[in-house]
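Asker: Data: query_17.cif, mmCIF, C-alpha atoms.
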data_structure
loop_
_atom_site.group_PDB
_atom_site.id
_atom_site.type_symbol
_atom_site.label_atom_id
_atom_site.label_comp_id
_atom_site.auth_asym_id
_atom_site.auth_seq_id
_atom_site.Cartn_x
_atom_site.Cartn_y
_atom_site.Cartn_z
ATOM 1 C CA MET A 693 21.052 -28.698 -18.686
ATOM 2 C CA LYS A 694 22.681 -31.783 -17.191
ATOM 3 C CA VAL A 695 22.717 -32.737 -13.522
ATOM 4 C CA GLY A 696 25.185 -35.309 -12.202
ATOM 5 C CA ILE A 697 24.120 -37.143 -9.040
ATOM 6 C CA LEU A 698 26.702 -38.913 -6.897
ATOM 7 C CA GLN A 699 25.960 -42.400 -5.622
ATOM 8 C CA PHE A 700 27.941 -44.023 -2.804
ATOM 9 C CA PRO A 701 27.174 -47.377 -1.199
ATOM 10 C CA GLY A 702 24.337 -46.382 1.180
ATOM 11 C CA THR A 703 23.120 -43.348 -0.765
ATOM 12 C CA ASN A 704 19.327 -43.579 -0.933
ATOM 13 C CA CYS A 705 18.029 -40.276 -2.310
ATOM 14 C CA GLU A 706 19.683 -40.408 -5.724
ATOM 15 C CA TYR A 707 16.535 -41.475 -7.568
ATOM 16 C CA ASP A 708 14.323 -38.930 -5.771
ATOM 17 C CA THR A 709 16.857 -36.300 -6.776
ATOM 18 C CA GLN A 710 16.898 -37.595 -10.333
ATOM 19 C CA TYR A 711 13.074 -37.501 -10.422
ATOM 20 C CA ALA A 712 13.054 -33.917 -9.125
ATOM 21 C CA PHE A 713 15.522 -32.607 -11.703
ATOM 22 C CA THR A 714 13.851 -34.575 -14.486
ATOM 23 C CA MET A 715 10.604 -32.781 -13.534
ATOM 24 C CA LEU A 716 12.472 -29.518 -14.017
ATOM 25 C CA GLY A 717 13.475 -30.531 -17.526
ATOM 26 C CA CYS A 718 17.085 -31.522 -16.875
ATOM 27 C CA SER A 719 18.910 -34.525 -18.203
ATOM 28 C CA THR A 720 20.551 -36.482 -15.394
ATOM 29 C CA GLU A 721 23.358 -38.930 -14.821
ATOM 30 C CA ILE A 722 23.930 -41.077 -11.743
ATOM 31 C CA ILE A 723 27.670 -41.121 -11.014
ATOM 32 C CA TRP A 724 28.953 -44.169 -9.102
ATOM 33 C CA HIS A 725 31.577 -43.443 -6.447
ATOM 34 C CA GLN A 726 34.221 -45.541 -8.210
ATOM 35 C CA GLU A 727 34.305 -43.153 -11.163
ATOM 36 C CA THR A 728 37.447 -41.083 -11.314
ATOM 37 C CA SER A 729 36.160 -38.260 -13.481
ATOM 38 C CA ILE A 730 33.075 -36.120 -13.882
ATOM 39 C CA SER A 731 31.941 -35.388 -17.399
ATOM 40 C CA PRO A 732 32.543 -31.766 -18.428
ATOM 41 C CA THR A 733 28.951 -31.734 -19.702
ATOM 42 C CA VAL A 734 27.668 -31.858 -16.101
ATOM 43 C CA ASP A 735 26.405 -28.364 -15.213
ATOM 44 C CA LEU A 736 25.393 -29.118 -11.626
ATOM 45 C CA LEU A 737 26.713 -31.839 -9.357
ATOM 46 C CA VAL A 738 24.433 -33.068 -6.581
ATOM 47 C CA ILE A 739 25.611 -35.146 -3.650
ATOM 48 C CA ALA A 740 22.395 -36.887 -2.710
ATOM 49 C CA GLY A 741 21.153 -37.871 0.729
ATOM 50 C CA GLY A 742 21.354 -41.223 2.434
ATOM 51 C CA PHE A 743 23.800 -43.062 4.638
ATOM 52 C CA SER A 744 27.006 -43.350 2.651
ATOM 53 C CA TYR A 745 29.131 -46.194 4.038
ATOM 54 C CA GLY A 746 26.547 -46.740 6.772
ATOM 55 C CA ASP A 747 27.583 -43.453 8.423
ATOM 56 C CA TYR A 748 30.500 -45.420 9.903
ATOM 57 C CA LEU A 749 33.069 -43.420 11.878
ATOM 58 C CA ARG A 750 31.201 -40.135 11.165
ATOM 59 C CA SER A 751 28.546 -39.272 8.592
ATOM 60 C CA GLY A 752 30.315 -38.526 5.324
ATOM 61 C CA ALA A 753 33.790 -39.322 6.678
ATOM 62 C CA ILE A 754 34.454 -42.425 4.561
ATOM 63 C CA ALA A 755 32.701 -41.149 1.435
ATOM 64 C CA ARG A 756 35.139 -38.281 1.401
ATOM 65 C CA PHE A 757 37.888 -40.714 0.367
ATOM 66 C CA SER A 758 35.942 -42.415 -2.420
ATOM 67 C CA PRO A 759 37.708 -42.377 -5.806
ATOM 68 C CA VAL A 760 35.187 -39.895 -7.238
ATOM 69 C CA MET A 761 35.905 -37.291 -4.568
ATOM 70 C CA GLN A 762 39.191 -36.222 -6.158
ATOM 71 C CA ALA A 763 37.185 -35.384 -9.266
ATOM 72 C CA VAL A 764 34.654 -33.566 -7.073
ATOM 73 C CA GLN A 765 37.450 -31.433 -5.612
ATOM 74 C CA GLU A 766 38.579 -30.545 -9.130
ATOM 75 C CA TYR A 767 34.999 -29.871 -10.200
ATOM 76 C CA ALA A 768 34.601 -27.530 -7.212
ATOM 77 C CA ALA A 769 37.893 -25.803 -7.991
ATOM 78 C CA SER A 770 36.646 -25.136 -11.536
ATOM 79 C CA GLY A 771 33.884 -22.992 -10.008
ATOM 80 C CA LYS A 772 30.930 -25.097 -11.128
ATOM 81 C CA ASN A 773 27.964 -25.542 -8.811
ATOM 82 C CA ILE A 774 27.717 -28.358 -6.271
ATOM 83 C CA LEU A 775 24.670 -29.044 -4.104
ATOM 84 C CA GLY A 776 24.890 -31.365 -1.099
ATOM 85 C CA ILE A 777 21.607 -32.490 0.424
ATOM 86 C CA CYS A 778 21.564 -34.044 3.907
ATOM 87 C CA ASN A 779 24.300 -36.705 3.770
ATOM 88 C CA GLY A 780 25.673 -34.696 0.837
ATOM 89 C CA PHE A 781 26.036 -31.692 3.162
ATOM 90 C CA GLN A 782 27.893 -33.915 5.627
ATOM 91 C CA VAL A 783 30.205 -35.136 2.858
ATOM 92 C CA LEU A 784 30.915 -31.520 1.852
ATOM 93 C CA THR A 785 31.873 -30.461 5.401
ATOM 94 C CA GLU A 786 34.022 -33.579 5.862
ATOM 95 C CA SER A 787 35.710 -32.746 2.535
ATOM 96 C CA HIS A 788 36.318 -29.161 3.708
ATOM 97 C CA LEU A 789 34.421 -27.840 0.704
ATOM 98 C CA LEU A 790 32.112 -26.225 3.274
ATOM 99 C CA PRO A 791 33.070 -24.987 6.755
ATOM 100 C CA GLY A 792 31.799 -26.414 10.046
ATOM 101 C CA ALA A 793 30.662 -29.907 10.940
ATOM 102 C CA LEU A 794 27.423 -31.803 11.512
ATOM 103 C CA LYS A 795 27.092 -33.391 14.921
ATOM 104 C CA ARG A 796 24.559 -35.814 16.392
ATOM 105 C CA ASN A 797 21.180 -34.096 16.935
ATOM 106 C CA GLU A 798 20.989 -32.543 20.376
ATOM 107 C CA SER A 799 18.002 -34.750 21.271
ATOM 108 C CA LEU A 800 20.015 -37.795 20.089
ATOM 109 C CA HIS A 801 16.937 -38.809 18.095
ATOM 110 C CA PHE A 802 16.606 -39.332 14.368
ATOM 111 C CA ILE A 803 14.209 -36.599 13.222
ATOM 112 C CA SER A 804 11.949 -37.204 10.236
ATOM 113 C CA GLN A 805 9.268 -34.549 9.732
ATOM 114 C CA HIS A 806 8.247 -31.573 7.672
ATOM 115 C CA HIS A 807 9.895 -28.417 8.983
ATOM 116 C CA HIS A 808 9.590 -24.754 8.158
ATOM 117 C CA LEU A 809 12.637 -22.873 6.943
ATOM 118 C CA LYS A 810 13.274 -19.176 6.523
ATOM 119 C CA VAL A 811 15.272 -17.975 3.554
ATOM 120 C CA ALA A 812 18.261 -16.018 4.882
ATOM 121 C CA SER A 813 19.878 -15.024 1.601
ATOM 122 C CA THR A 814 18.851 -14.941 -2.039
ATOM 123 C CA ASP A 815 22.062 -13.445 -3.358
ATOM 124 C CA ASN A 816 23.183 -16.809 -4.718
ATOM 125 C CA THR A 817 22.359 -19.179 -7.559
ATOM 126 C CA PHE A 818 20.535 -21.701 -5.387
ATOM 127 C CA LEU A 819 17.926 -19.435 -3.783
ATOM 128 C CA GLN A 820 17.814 -16.678 -6.395
ATOM 129 C CA LYS A 821 14.198 -17.445 -7.334
ATOM 130 C CA MET A 822 13.031 -17.055 -3.742
ATOM 131 C CA GLN A 823 12.199 -14.038 -1.596
ATOM 132 C CA LYS A 824 14.375 -13.185 1.384
ATOM 133 C CA ASP A 825 12.601 -14.128 4.654
ATOM 134 C CA ALA A 826 10.177 -16.368 2.736
ATOM 135 C CA ILE A 827 8.983 -19.317 4.817
ATOM 136 C CA VAL A 828 8.989 -22.703 3.131
ATOM 137 C CA ASN A 829 7.955 -26.170 4.235
ATOM 138 C CA ILE A 830 10.533 -28.865 3.481
ATOM 139 C CA PRO A 831 11.070 -32.327 5.010
ATOM 140 C CA ILE A 832 14.055 -33.069 7.212
ATOM 141 C CA ALA A 833 15.277 -36.597 7.935
ATOM 142 C CA HIS A 834 18.540 -36.884 9.807
ATOM 143 C CA HIS A 835 20.371 -38.086 12.884
ATOM 144 C CA ASP A 836 23.436 -35.885 12.463
ATOM 145 C CA GLY A 837 22.111 -32.476 11.446
ATOM 146 C CA ASN A 838 23.372 -30.418 14.370
ATOM 147 C CA PHE A 839 25.464 -27.815 12.558
ATOM 148 C CA TYR A 840 28.494 -26.686 14.525
ATOM 149 C CA ILE A 841 30.948 -23.959 13.660
ATOM 150 C CA ASP A 842 33.338 -22.003 15.860
ATOM 151 C CA PRO A 843 32.297 -18.392 16.693
ATOM 152 C CA GLN A 844 34.921 -16.770 14.472
ATOM 153 C CA SER A 845 34.006 -18.846 11.411
ATOM 154 C CA LEU A 846 30.321 -18.217 12.168
ATOM 155 C CA GLN A 847 30.985 -14.484 12.007
ATOM 156 C CA GLU A 848 32.647 -15.017 8.608
ATOM 157 C CA LEU A 849 29.530 -16.821 7.390
ATOM 158 C CA TYR A 850 27.460 -13.779 8.361
ATOM 159 C CA ASP A 851 29.968 -11.285 6.965
ATOM 160 C CA ASN A 852 30.071 -13.056 3.583
ATOM 161 C CA ASP A 853 26.327 -13.742 3.425
ATOM 162 C CA GLN A 854 26.924 -17.504 3.343
ATOM 163 C CA ILE A 855 23.974 -18.566 5.480
ATOM 164 C CA LEU A 856 21.166 -19.792 3.232
ATOM 165 C CA LEU A 857 18.417 -21.058 5.521
ATOM 166 C CA HIS A 858 17.355 -21.107 9.167
ATOM 167 C CA TYR A 859 14.949 -23.554 10.798
ATOM 168 C CA CYS A 860 11.824 -21.739 11.955
ATOM 169 C CA ASP A 861 8.170 -22.197 12.867
ATOM 170 C CA GLU A 862 5.266 -21.459 10.530
ATOM 171 C CA ASN A 863 5.409 -17.766 11.491
ATOM 172 C CA GLY A 864 9.094 -17.452 10.781
ATOM 173 C CA GLU A 865 10.273 -17.419 14.401
ATOM 174 C CA LEU A 866 13.484 -19.416 14.799
ATOM 175 C CA LEU A 867 12.752 -22.969 15.916
ATOM 176 C CA ASN A 868 15.649 -25.305 16.372
ATOM 177 C CA PRO A 869 14.944 -29.017 15.802
ATOM 178 C CA ASN A 870 18.474 -30.367 16.225
ATOM 179 C CA GLY A 871 20.690 -27.972 18.158
ATOM 180 C CA SER A 872 22.317 -26.290 15.150
ATOM 181 C CA VAL A 873 24.237 -23.084 15.842
ATOM 182 C CA ASP A 874 21.833 -20.157 15.219
ATOM 183 C CA SER A 875 19.289 -22.668 13.831
ATOM 184 C CA ILE A 876 21.272 -22.870 10.601
ATOM 185 C CA ALA A 877 19.839 -25.360 8.076
ATOM 186 C CA GLY A 878 22.032 -24.590 5.057
ATOM 187 C CA ILE A 879 25.140 -22.669 4.034
ATOM 188 C CA CYS A 880 27.337 -22.067 1.003
ATOM 189 C CA ASN A 881 31.033 -21.460 0.468
ATOM 190 C CA LYS A 882 32.501 -17.980 0.158
ATOM 191 C CA GLU A 883 32.476 -18.172 -3.650
ATOM 192 C CA LYS A 884 28.770 -19.195 -3.565
ATOM 193 C CA THR A 885 29.316 -22.213 -5.769
ATOM 194 C CA VAL A 886 29.102 -25.019 -3.191
ATOM 195 C CA PHE A 887 25.792 -25.345 -1.333
ATOM 196 C CA GLY A 888 24.834 -27.637 1.519
ATOM 197 C CA LEU A 889 21.617 -28.107 3.455
ATOM 198 C CA MET A 890 20.137 -30.751 5.743
ATOM 199 C CA PRO A 891 16.492 -30.454 4.527
ATOM 200 C CA HIS A 892 15.374 -32.343 1.417
ATOM 201 C CA PRO A 893 13.992 -30.029 -1.313
ATOM 202 C CA GLU A 894 13.825 -33.014 -3.692
ATOM 203 C CA ARG A 895 11.135 -34.502 -1.422
ATOM 204 C CA ALA A 896 8.993 -31.367 -1.685
ATOM 205 C CA MET A 897 8.228 -31.213 -5.406
ATOM 206 C CA GLU A 898 4.500 -31.894 -5.514
ATOM 207 C CA ARG A 899 1.718 -30.484 -3.361
ATOM 208 C CA ILE A 900 -0.037 -33.844 -3.306
ATOM 209 C CA LEU A 901 2.954 -35.198 -1.364
ATOM 210 C CA GLY A 902 2.824 -32.460 1.272
ATOM 211 C CA SER A 903 4.703 -29.530 -0.245
ATOM 212 C CA SER A 904 6.000 -28.223 -3.528
ATOM 213 C CA ASP A 905 8.249 -25.616 -1.918
ATOM 214 C CA GLY A 906 11.398 -27.504 -2.876
ATOM 215 C CA ARG A 907 10.693 -26.885 -6.517
ATOM 216 C CA MET A 908 11.423 -23.160 -6.354
ATOM 217 C CA MET A 909 14.695 -23.877 -4.571
ATOM 218 C CA LEU A 910 16.008 -26.341 -7.131
ATOM 219 C CA GLU A 911 14.782 -24.139 -9.993
ATOM 220 C CA GLY A 912 17.484 -21.642 -9.027
ATOM 221 C CA PHE A 913 20.034 -23.913 -10.661
ATOM 222 C CA ILE A 914 18.114 -24.340 -13.903
ATOM 223 C CA THR A 915 19.671 -22.379 -16.713
ATOM 224 C CA THR A 916 18.011 -23.762 -19.810
ATOM 225 C CA MET B 889 52.973 -52.165 18.004
ATOM 226 C CA LYS B 890 49.475 -51.227 19.077
ATOM 227 C CA ALA B 891 48.062 -47.719 18.990
ATOM 228 C CA ILE B 892 45.003 -46.748 20.986
ATOM 229 C CA VAL B 893 43.324 -43.616 19.710
ATOM 230 C CA ASN B 894 40.789 -41.895 21.955
ATOM 231 C CA ILE B 895 38.566 -39.403 20.199
ATOM 232 C CA SER B 896 36.269 -36.988 22.000
ATOM 233 C CA LEU B 897 34.407 -33.792 21.271
ATOM 234 C CA LYS B 898 36.489 -30.691 21.944
ATOM 235 C CA ALA B 899 35.980 -28.820 25.187
ATOM 236 C CA GLY B 900 33.305 -26.232 24.471
ATOM 237 C CA VAL B 901 31.507 -28.378 21.891
ATOM 238 C CA LEU B 902 28.292 -29.625 23.502
ATOM 239 C CA ASP B 903 28.362 -33.383 24.040
ATOM 240 C CA SER B 904 24.686 -34.420 23.954
ATOM 241 C CA GLN B 905 25.474 -38.088 24.571
ATOM 242 C CA GLY B 906 27.609 -37.211 27.590
ATOM 243 C CA LYS B 907 24.792 -35.048 28.903
ATOM 244 C CA ALA B 908 22.244 -37.860 28.477
ATOM 245 C CA VAL B 909 24.520 -40.326 30.275
ATOM 246 C CA HIS B 910 25.040 -37.771 33.068
ATOM 247 C CA HIS B 911 21.271 -37.439 33.508
ATOM 248 C CA ALA B 912 20.938 -41.223 33.622
ATOM 249 C CA LEU B 913 23.654 -41.497 36.293
ATOM 250 C CA ASP B 914 21.874 -38.819 38.320
ATOM 251 C CA ALA B 915 18.636 -40.766 37.982
ATOM 252 C CA LEU B 916 20.424 -43.847 39.362
ATOM 253 C CA ASN B 917 21.527 -41.769 42.369
ATOM 254 C CA PHE B 918 25.220 -41.842 41.484
ATOM 255 C CA ASP B 919 26.074 -38.558 43.163
ATOM 256 C CA GLY B 920 29.232 -36.553 42.730
ATOM 257 C CA VAL B 921 29.611 -36.873 38.967
ATOM 258 C CA THR B 922 30.417 -33.359 37.769
ATOM 259 C CA ASP B 923 30.783 -34.024 34.037
ATOM 260 C CA VAL B 924 30.461 -36.870 31.506
ATOM 261 C CA ARG B 925 32.035 -36.923 28.066
ATOM 262 C CA VAL B 926 31.372 -39.770 25.629
ATOM 263 C CA GLY B 927 34.025 -40.502 23.030
ATOM 264 C CA LYS B 928 35.191 -43.383 20.920
ATOM 265 C CA GLN B 929 38.241 -45.579 20.918
ATOM 266 C CA ILE B 930 39.964 -46.923 17.828
ATOM 267 C CA VAL B 931 42.599 -49.618 18.297
ATOM 268 C CA LEU B 932 45.183 -50.017 15.543
ATOM 269 C CA GLN B 933 47.648 -52.866 15.095
ATOM 270 C CA LEU B 934 50.758 -51.516 13.371
ATOM 271 C CA ASP B 935 53.734 -53.127 11.633
ATOM 272 C CA GLU B 936 55.921 -50.243 12.715
ATOM 273 C CA THR B 937 58.218 -50.962 15.679
ATOM 274 C CA ASP B 938 59.701 -47.471 16.084
ATOM 275 C CA ALA B 939 57.500 -45.498 18.501
ATOM 276 C CA THR B 940 58.319 -42.074 17.049
ATOM 277 C CA LYS B 941 57.512 -43.160 13.505
ATOM 278 C CA ALA B 942 54.392 -44.977 14.670
ATOM 279 C CA LYS B 943 53.123 -41.903 16.478
ATOM 280 C CA GLU B 944 53.820 -39.694 13.467
ATOM 281 C CA SER B 945 51.902 -42.047 11.222
ATOM 282 C CA VAL B 946 48.920 -42.299 13.611
ATOM 283 C CA ILE B 947 48.785 -38.497 13.893
ATOM 284 C CA GLN B 948 48.480 -38.369 10.104
ATOM 285 C CA MET B 949 45.668 -40.945 10.230
ATOM 286 C CA CYS B 950 43.847 -38.901 12.869
ATOM 287 C CA GLU B 951 44.169 -35.658 10.942
ATOM 288 C CA ALA B 952 43.081 -37.251 7.648
ATOM 289 C CA LEU B 953 40.292 -39.564 8.730
ATOM 290 C CA LEU B 954 39.952 -40.818 12.283
ATOM 291 C CA ALA B 955 39.009 -37.488 13.872
ATOM 292 C CA ASN B 956 37.174 -34.460 12.530
ATOM 293 C CA THR B 957 39.383 -31.778 14.026
ATOM 294 C CA VAL B 958 36.675 -29.147 13.549
ATOM 295 C CA ILE B 959 34.818 -30.691 16.491
ATOM 296 C CA GLU B 960 37.010 -33.468 17.894
ATOM 297 C CA ASP B 961 40.281 -33.894 19.786
ATOM 298 C CA TYR B 962 42.317 -37.090 19.775
ATOM 299 C CA GLU B 963 44.834 -38.700 22.090
ATOM 300 C CA ILE B 964 47.215 -41.448 21.043
ATOM 301 C CA GLU B 965 48.596 -44.129 23.325
ATOM 302 C CA LEU B 966 51.225 -46.545 21.997
ATOM 303 C CA ILE B 967 51.730 -50.003 23.441
ATOM 304 C CA SER B 968 54.689 -52.019 22.219
#
Would you mind writing the file's structure down as structure tokens?
Answerer:
Amino acid sequence: MKVGILQFPGTNCEYDTQYAFTMLGCSTEIIWHQETSISPTVDLLVIAGGFSYGDYLRSGAIARFSPVMQAVQEYAASGKNILGICNGFQVLTESHLLPGALKRNESLHFISQHHHLKVASTDNTFLQKMQKDAIVNIPIAHHDGNFYIDPQSLQELYDNDQILLHYCDENGELLNPNGSVDSIAGICNKEKTVFGLMPHPERAMERILGSSDGRMMLEGFITT
Amino acid sequence: MKAIVNISLKAGVLDSQGKAVHHALDALNFDGVTDVRVGKQIVLQLDETDATKAKESVIQMCEALLANTVIEDYEIELIS
């Protein structure tokens, strides 16, 4: 299985992501933002975390117009899986591949810490290996992770089972670090092919580094 | 022609920065401030001399890039 990982100027999690998927037995390819096509051999496309274009204007706003993004739109339209982590999630909302938007954290602070998450849905490729309501420990590191969506679109997310993860405490009670609507940490599109989350599963691959809970998440994508 | 674009969070979308500034003004004893909204201003120099065409073009820029209309409103002021 081959994983393509997008790299914009300012992306800084591409090699962590590459390391994580290599651990899971995948071949990987870093795809520079000036590329205008994505190889048909890529089975999963990951938009890695970081600060594309210095987060100028809004996080993800400039990256959305990079040459490679036209190919990403076509890749998405073909129904193949896309995973956006942190800045990748922001790029996906700015590109309208996912609904909603990510605002400045309510506290206005950059938050970098391990945080517990509760699995809201497993009826999707990404979290299929997990148990519903399972509590996992995954790092977050963001300034603009405050997920906003209007009430009507929020209802659609619930109706279509598009909410993947909620922020919670170690007992599974909702705990909101950044002001996100309903403590939402990750969502997918209606077709369940495009996934976005603020937490970093690729930074939670080995217990010696604090948590290996990210491994089970990413394993959902592994087909061979 | 110059276009001044003011971008702010939509009414109903919580403006944390505005709230923090409001608290700070309260702390400085500036009474009578009922609300604070923090936005951003983008100033564009345009070749276009026709105001209608200029406005149309700036609206397109706002919709495509300058504002995220999921959470933000924009206002355009043209100065010839």
Asker: Dump as JSON, numbers by chain the residues of chain B that approach chain A to within 7 Å, counting all atoms listed in the file.
Answerer: {"B": [904, 953, 958, 959]}
Asker: What do you get, as a JSON list (two decimals) with C-alpha atoms, keeping the file's coordinate frame, if you spell out every residue that the PyMOL selection byres ((chain A and resi 713) around 12) selects here?
Answerer:
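Once written, result05.json looks like this:
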[["chain", "number", "residue", "atom", "x", "y", "z"],
["A", 693, "MET", "CA", 21.05, -28.70, -18.69],
["A", 694, "LYS", "CA", 22.68, -31.78, -17.19],
["A", 695, "VAL", "CA", 22.72, -32.74, -13.52],
["A", 696, "GLY", "CA", 25.18, -35.31, -12.20],
["A", 697, "ILE", "CA", 24.12, -37.14, -9.04],
["A", 706, "GLU", "CA", 19.68, -40.41, -5.72],
["A", 707, "TYR", "CA", 16.54, -41.48, -7.57],
["A", 708, "ASP", "CA", 14.32, -38.93, -5.77],
["A", 709, "THR", "CA", 16.86, -36.30, -6.78],
["A", 710, "GLN", "CA", 16.90, -37.60, -10.33],
["A", 711, "TYR", "CA", 13.07, -37.50, -10.42],
["A", 712, "ALA", "CA", 13.05, -33.92, -9.12],
["A", 714, "THR", "CA", 13.85, -34.58, -14.49],
["A", 715, "MET", "CA", 10.60, -32.78, -13.53],
["A", 716, "LEU", "CA", 12.47, -29.52, -14.02],
["A", 717, "GLY", "CA", 13.48, -30.53, -17.53],
["A", 718, "CYS", "CA", 17.08, -31.52, -16.88],
["A", 719, "SER", "CA", 18.91, -34.52, -18.20],
["A", 720, "THR", "CA", 20.55, -36.48, -15.39],
["A", 721, "GLU", "CA", 23.36, -38.93, -14.82],
["A", 722, "ILE", "CA", 23.93, -41.08, -11.74],
["A", 736, "LEU", "CA", 25.39, -29.12, -11.63],
["A", 737, "LEU", "CA", 26.71, -31.84, -9.36],
["A", 738, "VAL", "CA", 24.43, -33.07, -6.58],
["A", 893, "PRO", "CA", 13.99, -30.03, -1.31],
["A", 894, "GLU", "CA", 13.82, -33.01, -3.69],
["A", 895, "ARG", "CA", 11.14, -34.50, -1.42],
["A", 897, "MET", "CA", 8.23, -31.21, -5.41],
["A", 906, "GLY", "CA", 11.40, -27.50, -2.88],
["A", 907, "ARG", "CA", 10.69, -26.88, -6.52],
["A", 908, "MET", "CA", 11.42, -23.16, -6.35],
["A", 909, "MET", "CA", 14.70, -23.88, -4.57],
["A", 910, "LEU", "CA", 16.01, -26.34, -7.13],
["A", 911, "GLU", "CA", 14.78, -24.14, -9.99],
["A", 912, "GLY", "CA", 17.48, -21.64, -9.03],
["A", 913, "PHE", "CA", 20.03, -23.91, -10.66],
["A", 914, "ILE", "CA", 18.11, -24.34, -13.90]]
Asker: Which of these residues is nearest to Gln765 in chain A, using only C-alpha atoms: A:Thr733, A:Thr728, A:Thr703, A:Ser804?
Answerer: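 Going through A:Thr733, A:Thr728, A:Thr703, A:Ser804 one by one, the smallest distance to Gln765 in chain A is for A:Thr728.
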Asker: Quick one: everything within 6 Å of range 845-859 of chain A, counting only C-alpha atoms, minus sequence neighbours fewer than 4 positions away in the same chain. Send it as a ChimeraX atom specification.
Answerer: /A:809-813,841,866-868,875-880
Asker: List as a VMD selection string the protein and nucleic acid residues near range 937-949 of chain B, meaning an atom at most 8 Å away when all atoms listed in the file are counted, but skip any in the same chain fewer than 6 places from it.
Answerer: chain B and resid 889 891 964 966 968
Asker: Just so the selection is clear, what residues does the PyMOL selection byres ((chain B and resi 934) around 7) cover here, as a list in words?
Answerer: Met889, Lys890, Leu932, Gln933, Asp935 and Glu936 of chain B
Asker: Distance CA of Glu963 in chain B-CA of Val893 in chain B, one decimal place?
Answerer: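 Here the two named atoms are 5.7 Å from each other.
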Asker: Which residues match the PyMOL selection byres ((chain A and resi 881-890) around 7) in the file above, as a compact mmCIF listing (two decimals) with C-alpha atoms, keeping the file's coordinate frame?
Answerer:
# COMPACT_ATOMS: atom_id res chain seq x y z
CA GLY A 771 33.88 -22.99 -10.01
CA LYS A 772 30.93 -25.10 -11.13
CA ASN A 773 27.96 -25.54 -8.81
CA ILE A 774 27.72 -28.36 -6.27
CA LEU A 775 24.67 -29.04 -4.10
CA GLY A 776 24.89 -31.36 -1.10
CA ILE A 777 21.61 -32.49 0.42
CA CYS A 778 21.56 -34.04 3.91
CA PHE A 781 26.04 -31.69 3.16
CA LEU A 790 32.11 -26.22 3.27
CA ASN A 816 23.18 -16.81 -4.72
CA ILE A 832 14.06 -33.07 7.21
CA GLY A 837 22.11 -32.48 11.45
CA ASN A 852 30.07 -13.06 3.58
CA GLN A 854 26.92 -17.50 3.34
CA ALA A 877 19.84 -25.36 8.08
CA GLY A 878 22.03 -24.59 5.06
CA ILE A 879 25.14 -22.67 4.03
CA CYS A 880 27.34 -22.07 1.00
CA PRO A 891 16.49 -30.45 4.53
CA HIS A 892 15.37 -32.34 1.42
